[in-house]
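Here the structure comes first, spelled out in structure tokens, and everything after it is commentary.
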Amino acid sequence: MKRLTPYIKPYRKECVIAPLLKCMEALVDLFVPLCMANLVDIGIHQNNEPYIFRIGAILFGLALLGLLLSVIAQWFAARAATGFAAGLRRDTFAHIQSLSFSSADRIGTDTLVTRLTADINQTQTGINMGLRLLLRSPFIVFGAMIMAFRVDVPSAWIFAITIPLLAVVVYGIMWITIPLYKKVQNHLDQVVSGTRENLTGVRVIRAFRLQQKEIQSFEERTSLLTEASEKVGRFSALTNPLTYVIINLATAYLLYKGAIRVNIGSLTQGQVIALVNYMAQILVELIKLANLIVTLTKAAASASRVEGILLTESDMADGKDDFPADTTIRFDHVSFTYHGASEPSLKDISFTAQPGETIGIIGGTGSGKTSLVSLLPRFYDATEGSVTIGGKDIRTLRLSDLRAKAACVLQKALLFRGTIRDNMHFGSPSAADDDIWQALTDAQAADFVKDKPDQLDAPVEQGGRNLSGGQRQRLTIARALVRKPSILILDDSASALDFATDARLRHAIRELPYHPTTFIVSQRVSSIMYADQILVLDDGILAGQGTHEQLLKDCPIYREIYDSQIRKGGEEA
Amino acid sequence: MKKPSGNEKAIMKKVLLYVRAHLGLVTLSIVFAAIVVGLSLYLPILQGQAIDRIAGSGQVDFTGLIKILMIMAGTTLATALLQWLQNIINNRITFRVVKDLRDDAFKKIESLPLSYLDSHPSGDIVSRVIADADQFSDGLLMGFTQLFSGILMILGTLVFMFSISWQVALLVVVLTPISLFVAKFIAEHTYSHFKKQSEIRGRQTALIDEMVGGQKVVQAYGRQAAVQEEFDAINDELQKSSLKAVFFSSLTNPVTRFVNSLVYAASGTLGAFMVIRGHISVGQLSAVLSYANQYSKPFNEISSVITELQNAIACAGRLLDLIELDSEKPDPSSPAVIEDFTGRVDIDHIDFSYVPERPLIQNFDLHVRPGQKVAIVGPTGCGKTTLINLLMRFYDVNQGNIRLEDTSIYDLSRDNLRSGFGMVLQDTWIKEASARDNISMGKPDATEEEIIAAAKAAHADEFIRRLPQGYDTILHDGSDLSQGQRQLLCIARVMLAIPPMLILDEATSSIDTRTELHIQQSFDALTKGRTSFVVAHRLSTIRTADMILVMRDGNVVETGTHESLLAQGGFYSELYNSQFAES
């Protein structure tokens, strides 16, 4: 839990005051049985009516004091808990954002979302309840015992036996249930992923008429969850009955022992009543404590899961150097293997890209095209060899600079909820509307944006769902162009565009006044054939390198691709 | 402060409908609760009697005392056993009700119109099915365990108290409404805070879902700080709202405890006078005082149960809102049935738009003969995918009709209609299941040989074999599969199902052309004699089509074959020729 302590630190004051006030309130509670003993022994047995009134007044005063202390304590506890949770949520979110691609891939989106939401809520509840009761309940338990010893030592021994016995029962049940709760959590995760999956795959599921099957499999998951919850419920439901039995048997014994002591004149009737009251107080507090422990256990489990996320170090160290003015890019014997993969995705790749050049990358599915361009903005680091810009290893460059200069348009065209302008500002927050329109024009997106009644203010749904695939792609390209990058990477990001638009797009990029070094990953020969340099990848190996004409002559794989797409087509047409 | 009780009542009623399925258990729980309450209320009387046997030095009646203590022990054991059983029953009821709710919510998700799902963040829906259901289950469990017992406890205590001393009992009864009033007041204030908290939480979850899901883009653009800012704003709002919700709900306990202490002080004082006047014994005073304590405690518990229940109801409300959304228009009650699809498709003068203000497809007419290959081309965003949405009935037309084999598709069941089509979309979707199960999705009873044959036809066999556990490798949406590999897998699904008609929406957009060429042969074999609709940008795919629809702005502007369209020299030839243009 070490990693989480900083979040509670700002609330140190609250964390001291809340339990302290709760303990003072507990002290107030502990006085009540003594008052009652005196009420019986002095008020009743001595027929002292004014004394009875006095006790009544004291009890009233104690109640008022207890209320005051408690309300203030609750306020501080609530502040500490919600403040802690907010801080933790903020930093966990920030940390998740800083995770490297490979770390985030490994943990998975669903898990990250659950940690941020359900788990942190659970810890908030834990802290709130903990501050209020964690000290107060034991304080009353032991306080009641001490008071009992002060009343009569021989009768009070039963307290010393009862309390540890109760502790064994409560902790024993916890010990049994904790691993069971973990299972419940696992089953819940299954339910989460089932729900999410059916939302994202709704079209396919309906097309294949799988709704009934999916409902069945979801019901199986909820059944497992229900079973697991019921199982743990059977054990945790034992706590109250068992403690009840122990306390009442102890009370019976206390009455018996008390009777002996009263009979020989060492104890009064009122004191016996006080002792029984103390026993009752212990029960009340122990029930609270048991519930609290369940809450705290859940909270602790959640907290350690959140901590696990915070402890996931981003496996990518930031560099310190400025982005060089010379943007010559060199891949020097680069090999790359994804985490956990058995085969490298790239093997011994070397090439040089001069500033302003257009580099086309073509190759089969899974040949390593995306892996290759992912190394440039350091989404992943090369496993062997080095990538240098202007002679500097990119690992020595400041990551924020590198990514600001090397804009990558990913294969999956993802936009965010907001307006088109918001999405463009995503690329460059300071971009003026003119810059945005320029980028949209270059990305061949200006026409359809202009067609929208709200233009730049047109709404974009989560993921850009309200736009077609091609519109999304062009907007993601515009988002990259808004940054005016030195290096522009288009990772198969025009696949949904028709040929005419694609050609206009390439033309516009070629004419950009700031001449970025452009990497175009594509399946289409037409998209890359005019590049200054074409890299042909085959199963992670650089199978060919050169201009279109050179490759047609020397590279059989390139020729095959070309033939399949263009030459043959041309003949037929 | 608004009174949300009407709405709450409506939700409560619906929740009770769910509980009704477990009526037997509920009855049992109530019976057990009654016995438990009765027995536990008997205990203070026994204690009082015991105390009266301990009057003072030399005045202890040991025979009577021991007999009473034995009864105490027996009662205690019986109470504990029944209490345990009751807890188990309550757990069962709660967890099953939540399961039923979740299952219903899920069933609803499976039948919601696409227009709803396409326009609502999935994170919000997930949060309802998961977090809200959980909160609801916690609240319901507490409610069940404590609400009923609490009420019984109050009634039982009243009976026992009045039997001992009506004066003290009356005092308690007169003072207690304060507790009720206070609890109600707090509960009302808390509900609105919880509701607000729940709403802000929903917004935050949606943001988290979006940003964590799109983390790669966020990082690629170095937008962490801006996203963080947005997150922080909601987070601060949530903190403030949570503080209020948590604090106000936590007031219930101390305030009702205070009232409880007042009752205790007053009845202690009054009781003491009555002992002096000889109306009751000391033991009876002690019993009546524990009742005074117990009498307020259920109120205490009930009030906390009520806040918890209110939170639960707010959550149940959100969950029920989802369950009660309008499903898709139901299938006709006695649908027409097409058993053999020949592949004849007639689209008669249809109008369609996603939003009424922006008409998209207008007066579109198309007649496809069995076995024809229809290619749909056009600039992006011209409505190509819309046609597929309509054919598959993901969306319904506003005007006009679509007929299959001369039967209106609106007279068919959706399952019947969709069984006629095999569909591969550009947006690939992988189920969390083995590669094998992912392929056999459309034909669950497929043999191993068929599955492998389909994978081979889709050129997916090779990469699947290279996965850590081959065909048994569990895949999920975040798997390390490339977009192309995902498409191959989706194609394998269709290759296995061998549907009478095919819809290919950019099915091979992420597959390299060499592989595509091979797949094309498989597709050609598959589409031979089958009607197919192909959305594609690659003209090599389009060239062999029997009919090409050239779309622009939602309308078909040209129809014909490749040759006839080129000869026409219109929009199509412009599109076609542009692919060789120098950039």
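Residues in the structure tokens are numbered from 1 in each chain, the chains being A, B, ... in the order shown, and ligands are numbered from 1 in the order shown.
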Near B:Val556, within 9 Å and counting only C-alpha atoms, which residues show up once chain neighbours fewer than 5 positions away are dropped, as a VMD selection string? chain B and resid 361 364 to 365 549 to 551
Take the residues from that selection and write them out as a PDB file, in the first residue's frame, keeping C-alpha atoms.
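What follows is the written file part.pdb:
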```pdb
ATOM      1  CA  ILE B 361     -31.045   7.907 -49.768  1.00  0.00           C
ATOM      2  CA  PHE B 364     -33.572   4.433 -54.737  1.00  0.00           C
ATOM      3  CA  ASP B 365     -34.546   1.547 -56.970  1.00  0.00           C
ATOM      4  CA  LEU B 549     -23.733   1.010 -58.580  1.00  0.00           C
ATOM      5  CA  VAL B 550     -21.921   4.292 -58.530  1.00  0.00           C
ATOM      6  CA  MET B 551     -23.057   6.243 -55.552  1.00  0.00           C
TER       7      MET B 551
END
```
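By chain and then residue number, the residues within 8 Å of stretch 90-103 of chain B are Ile215, Phe218, Glu219, Thr222, Ser223, Thr226, Ser229, Glu230 and Gly233 of chain A; Tyr18, Val19, His22, Leu25, Val26, Ser29, Val129, Ala133, Asp134, Phe136, Ser137, Leu140, Leu141, Phe144, Thr145 and Leu319 of chain B, counting only C-alpha atoms and disregarding those fewer than 5 positions away in sequence.
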Run DSSP on the backbone of this structure and report the residues of stretch 203-390 of chain A it assigns to alpha helix (DSSP H), as a VMD selection string. chain A and resid 203 to 207 211 to 236 239 to 263 269 to 311 369 to 374
I need the residues from that last selection saved to file as an mmCIF file, in the first residue's frame (with C-alpha atoms), if you can.
```cif
data_model
loop_
_atom_site.group_PDB
_atom_site.id
_atom_site.type_symbol
_atom_site.label_atom_id
_atom_site.label_comp_id
_atom_site.auth_asym_id
_atom_site.auth_seq_id
_atom_site.Cartn_x
_atom_site.Cartn_y
_atom_site.Cartn_z
ATOM 1 C CA ARG A 203 -23.460 -6.033 -36.083
ATOM 2 C CA VAL A 204 -21.574 -9.278 -36.433
ATOM 3 C CA ILE A 205 -23.573 -10.919 -33.678
ATOM 4 C CA ARG A 206 -26.820 -9.981 -35.313
ATOM 5 C CA ALA A 207 -25.632 -10.887 -38.782
ATOM 6 C CA GLN A 211 -28.154 -13.235 -29.995
ATOM 7 C CA GLN A 212 -29.656 -16.294 -28.334
ATOM 8 C CA LYS A 213 -26.285 -17.945 -28.000
ATOM 9 C CA GLU A 214 -24.755 -14.793 -26.580
ATOM 10 C CA ILE A 215 -27.626 -14.462 -24.132
ATOM 11 C CA GLN A 216 -27.045 -18.048 -23.101
ATOM 12 C CA SER A 217 -23.348 -17.561 -22.580
ATOM 13 C CA PHE A 218 -23.972 -14.332 -20.676
ATOM 14 C CA GLU A 219 -26.458 -16.132 -18.461
ATOM 15 C CA GLU A 220 -23.869 -18.814 -17.819
ATOM 16 C CA ARG A 221 -21.472 -16.106 -16.709
ATOM 17 C CA THR A 222 -23.996 -14.438 -14.427
ATOM 18 C CA SER A 223 -24.898 -17.868 -13.028
ATOM 19 C CA LEU A 224 -21.276 -18.512 -12.148
ATOM 20 C CA LEU A 225 -21.096 -15.081 -10.562
ATOM 21 C CA THR A 226 -24.256 -15.760 -8.584
ATOM 22 C CA GLU A 227 -22.966 -19.112 -7.416
ATOM 23 C CA ALA A 228 -19.658 -17.653 -6.330
ATOM 24 C CA SER A 229 -21.410 -14.787 -4.526
ATOM 25 C CA GLU A 230 -23.751 -17.159 -2.737
ATOM 26 C CA LYS A 231 -20.903 -19.374 -1.690
ATOM 27 C CA VAL A 232 -18.985 -16.551 -0.098
ATOM 28 C CA GLY A 233 -22.269 -15.304 1.364
ATOM 29 C CA ARG A 234 -22.778 -18.570 3.241
ATOM 30 C CA PHE A 235 -19.525 -18.068 5.110
ATOM 31 C CA SER A 236 -19.761 -14.374 5.730
ATOM 32 C CA THR A 239 -20.267 -13.917 11.476
ATOM 33 C CA ASN A 240 -23.326 -12.398 13.108
ATOM 34 C CA PRO A 241 -24.927 -15.589 14.445
ATOM 35 C CA LEU A 242 -21.644 -16.870 15.856
ATOM 36 C CA THR A 243 -20.768 -13.633 17.628
ATOM 37 C CA TYR A 244 -24.320 -13.454 18.928
ATOM 38 C CA VAL A 245 -23.978 -16.909 20.476
ATOM 39 C CA ILE A 246 -20.642 -16.109 22.069
ATOM 40 C CA ILE A 247 -21.775 -12.817 23.555
ATOM 41 C CA ASN A 248 -25.017 -14.177 24.980
ATOM 42 C CA LEU A 249 -23.405 -17.225 26.492
ATOM 43 C CA ALA A 250 -20.809 -14.913 27.997
ATOM 44 C CA THR A 251 -23.590 -12.704 29.376
ATOM 45 C CA ALA A 252 -25.246 -15.728 30.953
ATOM 46 C CA TYR A 253 -21.956 -16.634 32.574
ATOM 47 C CA LEU A 254 -21.480 -13.023 33.667
ATOM 48 C CA LEU A 255 -24.881 -13.071 35.375
ATOM 49 C CA TYR A 256 -23.988 -16.273 37.154
ATOM 50 C CA LYS A 257 -20.580 -15.018 38.287
ATOM 51 C CA GLY A 258 -22.105 -11.639 39.184
ATOM 52 C CA ALA A 259 -24.755 -13.380 41.273
ATOM 53 C CA ILE A 260 -22.039 -15.089 43.339
ATOM 54 C CA ARG A 261 -20.226 -11.769 43.820
ATOM 55 C CA VAL A 262 -23.446 -9.946 44.746
ATOM 56 C CA ASN A 263 -24.361 -12.721 47.167
ATOM 57 C CA GLN A 269 -27.164 -5.084 41.455
ATOM 58 C CA GLY A 270 -26.593 -1.855 39.536
ATOM 59 C CA GLN A 271 -23.018 -2.881 38.818
ATOM 60 C CA VAL A 272 -24.200 -6.220 37.411
ATOM 61 C CA ILE A 273 -26.485 -4.281 35.085
ATOM 62 C CA ALA A 274 -23.541 -2.098 34.051
ATOM 63 C CA LEU A 275 -21.427 -5.187 33.311
ATOM 64 C CA VAL A 276 -24.211 -6.709 31.184
ATOM 65 C CA ASN A 277 -24.485 -3.378 29.355
ATOM 66 C CA TYR A 278 -20.763 -3.395 28.626
ATOM 67 C CA MET A 279 -21.080 -6.883 27.209
ATOM 68 C CA ALA A 280 -23.939 -5.679 25.015
ATOM 69 C CA GLN A 281 -21.856 -2.736 23.816
ATOM 70 C CA ILE A 282 -19.123 -5.121 22.795
ATOM 71 C CA LEU A 283 -21.564 -7.092 20.663
ATOM 72 C CA VAL A 284 -22.860 -4.004 18.905
ATOM 73 C CA GLU A 285 -19.359 -2.833 18.139
ATOM 74 C CA LEU A 286 -18.206 -6.234 17.018
ATOM 75 C CA ILE A 287 -21.008 -6.493 14.502
ATOM 76 C CA LYS A 288 -19.970 -3.110 13.177
ATOM 77 C CA LEU A 289 -16.366 -4.234 13.173
ATOM 78 C CA ALA A 290 -17.198 -7.398 11.272
ATOM 79 C CA ASN A 291 -19.042 -5.430 8.606
ATOM 80 C CA LEU A 292 -16.233 -2.943 8.558
ATOM 81 C CA ILE A 293 -13.702 -5.679 8.023
ATOM 82 C CA VAL A 294 -15.609 -6.997 5.025
ATOM 83 C CA THR A 295 -15.687 -3.487 3.593
ATOM 84 C CA LEU A 296 -12.024 -2.957 4.355
ATOM 85 C CA THR A 297 -11.043 -6.307 2.870
ATOM 86 C CA LYS A 298 -12.802 -5.467 -0.343
ATOM 87 C CA ALA A 299 -11.243 -2.016 -0.252
ATOM 88 C CA ALA A 300 -7.784 -3.408 0.408
ATOM 89 C CA ALA A 301 -8.120 -5.853 -2.469
ATOM 90 C CA SER A 302 -9.247 -3.017 -4.727
ATOM 91 C CA ALA A 303 -6.483 -0.781 -3.431
ATOM 92 C CA SER A 304 -3.808 -3.349 -4.166
ATOM 93 C CA ARG A 305 -5.198 -3.819 -7.657
ATOM 94 C CA VAL A 306 -5.030 -0.065 -8.221
ATOM 95 C CA GLU A 307 -1.562 -0.067 -6.748
ATOM 96 C CA GLY A 308 -0.608 -2.780 -9.188
ATOM 97 C CA ILE A 309 -1.476 -0.396 -11.999
ATOM 98 C CA LEU A 310 0.478 2.443 -10.423
ATOM 99 C CA LEU A 311 3.454 0.130 -9.948
ATOM 100 C CA LYS A 369 4.877 -2.709 -41.913
ATOM 101 C CA THR A 370 3.064 -1.316 -38.895
ATOM 102 C CA SER A 371 5.777 -2.547 -36.549
ATOM 103 C CA LEU A 372 8.361 -0.729 -38.592
ATOM 104 C CA VAL A 373 6.673 2.653 -38.473
ATOM 105 C CA SER A 374 5.688 2.172 -34.810
#
```
With only C-alpha atoms as the atoms that count, which of B:Met547, B:Leu81, B:Ile542, B:Met161 lies nearest to B:Arg369? B:Met547
What's around A:Asn128 at 6 Å? Count only C-alpha atoms, leave out sequence neighbours fewer than 3 positions away in its own chain, and write the answer as a ChimeraX atom specification. /A:77-78,81,125,131
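Near B:Gln469, within 12 Å and counting only C-alpha atoms, sit B:Ser434, B:Ala435, B:Arg436, B:Phe463, B:Leu475, not including residues fewer than 6 positions from it in the same chain.
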Writer output for current selection, N, CA and C atoms, as an mmCIF file, in the first residue's frame:
```
data_model
loop_
_atom_site.group_PDB
_atom_site.id
_atom_site.type_symbol
_atom_site.label_atom_id
_atom_site.label_comp_id
_atom_site.auth_asym_id
_atom_site.auth_seq_id
_atom_site.Cartn_x
_atom_site.Cartn_y
_atom_site.Cartn_z
ATOM 1 N N SER B 434 -11.766 -18.930 -28.569
ATOM 2 C CA SER B 434 -10.651 -19.512 -29.312
ATOM 3 C C SER B 434 -10.790 -19.127 -30.786
ATOM 4 N N ALA B 435 -9.678 -19.251 -31.512
ATOM 5 C CA ALA B 435 -9.702 -18.966 -32.943
ATOM 6 C C ALA B 435 -10.738 -19.870 -33.597
ATOM 7 N N ARG B 436 -10.790 -21.110 -33.140
ATOM 8 C CA ARG B 436 -11.742 -22.070 -33.714
ATOM 9 C C ARG B 436 -13.178 -21.552 -33.539
ATOM 10 N N PHE B 463 -1.520 -18.265 -40.275
ATOM 11 C CA PHE B 463 -1.196 -17.448 -39.101
ATOM 12 C C PHE B 463 -1.840 -18.007 -37.839
ATOM 13 N N LEU B 475 -8.600 -15.629 -28.391
ATOM 14 C CA LEU B 475 -8.392 -14.295 -28.964
ATOM 15 C C LEU B 475 -9.329 -13.329 -28.278
#
```
Filtered DSSP result for stretch 127-348 of chain B, state strand (DSSP E), as number ranges by chain: B: 345-348
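Across the model, the gap from atom CA of A:Thr82 to atom CA of A:Pro19 is 16.1 Å.
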Hey, what's within 10 Å of stretch 434-441 of chain A if we count only C-alpha atoms and toss same-chain stuff fewer than 5 positions away? As a PyMOL selection string, please? chain A and resi 420-421+424-425+427-428+446-450+456+474-484+505+508-509+512
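In this comparison, which uses only C-alpha atoms, the residue of A:Val334, A:Ile394, A:Leu135, A:Leu62 approaching chain B most closely is A:Leu62.
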Let me make sure I understand: among A:Glu313, A:Glu560, A:Asp451, A:Asp321, which one has the smallest atom-to-atom distance to chain B if we use only C-alpha atoms? A:Glu560
Residues within 12 Å of A:Ser468, please, as an MDAnalysis selection string. Count only C-alpha atoms; anything in the same chain fewer than 2 positions from it doesn't count. (chainID A and resid 413:415 445 448 460:461 463:466 470:475 496:497) or (chainID B and resid 379:386 426:427)
Write a file of the just-selected residues containing C-alpha atoms, as an mmCIF file, in the first residue's frame.
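Dumped everything to again17.cif:
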```
data_model
loop_
_atom_site.group_PDB
_atom_site.id
_atom_site.type_symbol
_atom_site.label_atom_id
_atom_site.label_comp_id
_atom_site.auth_asym_id
_atom_site.auth_seq_id
_atom_site.Cartn_x
_atom_site.Cartn_y
_atom_site.Cartn_z
ATOM 1 C CA ALA A 413 -9.072 5.714 -37.432
ATOM 2 C CA LEU A 414 -10.186 6.776 -33.998
ATOM 3 C CA LEU A 415 -11.797 10.092 -33.207
ATOM 4 C CA ALA A 445 -11.807 16.386 -45.694
ATOM 5 C CA PHE A 448 -17.652 16.987 -46.298
ATOM 6 C CA VAL A 460 -18.366 13.686 -33.374
ATOM 7 C CA GLU A 461 -19.566 10.667 -31.413
ATOM 8 C CA GLY A 463 -14.825 6.776 -31.726
ATOM 9 C CA GLY A 464 -16.258 8.818 -34.587
ATOM 10 C CA ARG A 465 -19.111 6.379 -35.032
ATOM 11 C CA ASN A 466 -21.339 8.923 -36.709
ATOM 12 C CA GLY A 470 -13.350 7.187 -45.066
ATOM 13 C CA GLN A 471 -14.407 10.386 -43.331
ATOM 14 C CA ARG A 472 -12.839 9.169 -40.134
ATOM 15 C CA GLN A 473 -9.603 8.374 -41.924
ATOM 16 C CA ARG A 474 -9.415 11.771 -43.546
ATOM 17 C CA LEU A 475 -10.120 13.508 -40.256
ATOM 18 C CA ALA A 496 -11.056 3.464 -47.063
ATOM 19 C CA LEU A 497 -10.519 6.252 -49.569
ATOM 20 C CA PRO B 379 -16.418 8.391 -52.873
ATOM 21 C CA THR B 380 -16.249 7.834 -49.161
ATOM 22 C CA GLY B 381 -19.282 8.824 -47.158
ATOM 23 C CA CYS B 382 -21.651 8.469 -50.049
ATOM 24 C CA GLY B 383 -23.882 5.947 -48.331
ATOM 25 C CA LYS B 384 -22.430 2.618 -49.448
ATOM 26 C CA THR B 385 -22.534 1.127 -45.977
ATOM 27 C CA THR B 386 -26.038 2.458 -45.504
ATOM 28 C CA GLN B 426 -14.468 -3.428 -42.637
ATOM 29 C CA ASP B 427 -14.623 -3.023 -38.852
#
```
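Shortest atom-to-atom contact with chain A among B:Gln135, B:Thr559, B:Thr190, B:Thr269: B:Thr269, counting only C-alpha atoms.
Minimum atom-to-atom distances from B:Thr307, B:Ser165, B:Ser242, B:Thr342 to chain A were compared using only C-alpha atoms, and the lowest value belongs to B:Ser242.
Between atom CA of B:Ser564 and atom CA of B:Val345 the interatomic distance comes to 22.3 Å.
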Write out as a PDB file with N, CA and C atoms, in the first residue's frame the residues lying within 10 Å of A:Glu384, counting only C-alpha atoms and excluding same-chain residues fewer than 4 positions away.
```pdb
ATOM      1  N   ASP A 332      19.247   1.215 -38.312  1.00  0.00           N
ATOM      2  CA  ASP A 332      20.523   0.520 -38.382  1.00  0.00           C
ATOM      3  C   ASP A 332      20.378  -0.886 -37.791  1.00  0.00           C
ATOM      4  N   HIS A 333      20.298  -1.867 -38.651  1.00  0.00           N
ATOM      5  CA  HIS A 333      20.164  -3.278 -38.238  1.00  0.00           C
ATOM      6  C   HIS A 333      19.111  -3.451 -37.144  1.00  0.00           C
ATOM      7  N   VAL A 334      17.940  -2.966 -37.417  1.00  0.00           N
ATOM      8  CA  VAL A 334      16.872  -2.982 -36.411  1.00  0.00           C
ATOM      9  C   VAL A 334      16.113  -4.310 -36.442  1.00  0.00           C
ATOM     10  N   SER A 335      15.989  -4.907 -35.255  1.00  0.00           N
ATOM     11  CA  SER A 335      15.101  -6.067 -35.098  1.00  0.00           C
ATOM     12  C   SER A 335      14.123  -5.736 -33.983  1.00  0.00           C
ATOM     13  N   PHE A 336      12.952  -6.300 -34.094  1.00  0.00           N
ATOM     14  CA  PHE A 336      11.951  -5.991 -33.078  1.00  0.00           C
ATOM     15  C   PHE A 336      11.051  -7.200 -32.824  1.00  0.00           C
ATOM     16  N   THR A 337      10.856  -7.490 -31.528  1.00  0.00           N
ATOM     17  CA  THR A 337       9.978  -8.595 -31.131  1.00  0.00           C
ATOM     18  C   THR A 337       8.966  -8.043 -30.144  1.00  0.00           C
ATOM     19  N   LEU A 346      10.291  -7.871 -36.883  1.00  0.00           N
ATOM     20  CA  LEU A 346      11.192  -7.228 -37.832  1.00  0.00           C
ATOM     21  C   LEU A 346      12.579  -7.837 -37.643  1.00  0.00           C
ATOM     22  N   LYS A 347      13.238  -8.111 -38.766  1.00  0.00           N
ATOM     23  CA  LYS A 347      14.558  -8.716 -38.661  1.00  0.00           C
ATOM     24  C   LYS A 347      15.578  -7.896 -39.444  1.00  0.00           C
ATOM     25  N   ASP A 348      16.523  -7.342 -38.729  1.00  0.00           N
ATOM     26  CA  ASP A 348      17.704  -6.731 -39.341  1.00  0.00           C
ATOM     27  C   ASP A 348      17.359  -5.761 -40.469  1.00  0.00           C
ATOM     28  N   ILE A 349      16.617  -4.725 -40.126  1.00  0.00           N
ATOM     29  CA  ILE A 349      16.200  -3.743 -41.125  1.00  0.00           C
ATOM     30  C   ILE A 349      17.156  -2.551 -41.113  1.00  0.00           C
TER      31      ILE A 349
END
```
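Put simply, atom CA of B:Gly123 is 21.2 Å away from atom CA of B:Glu328.
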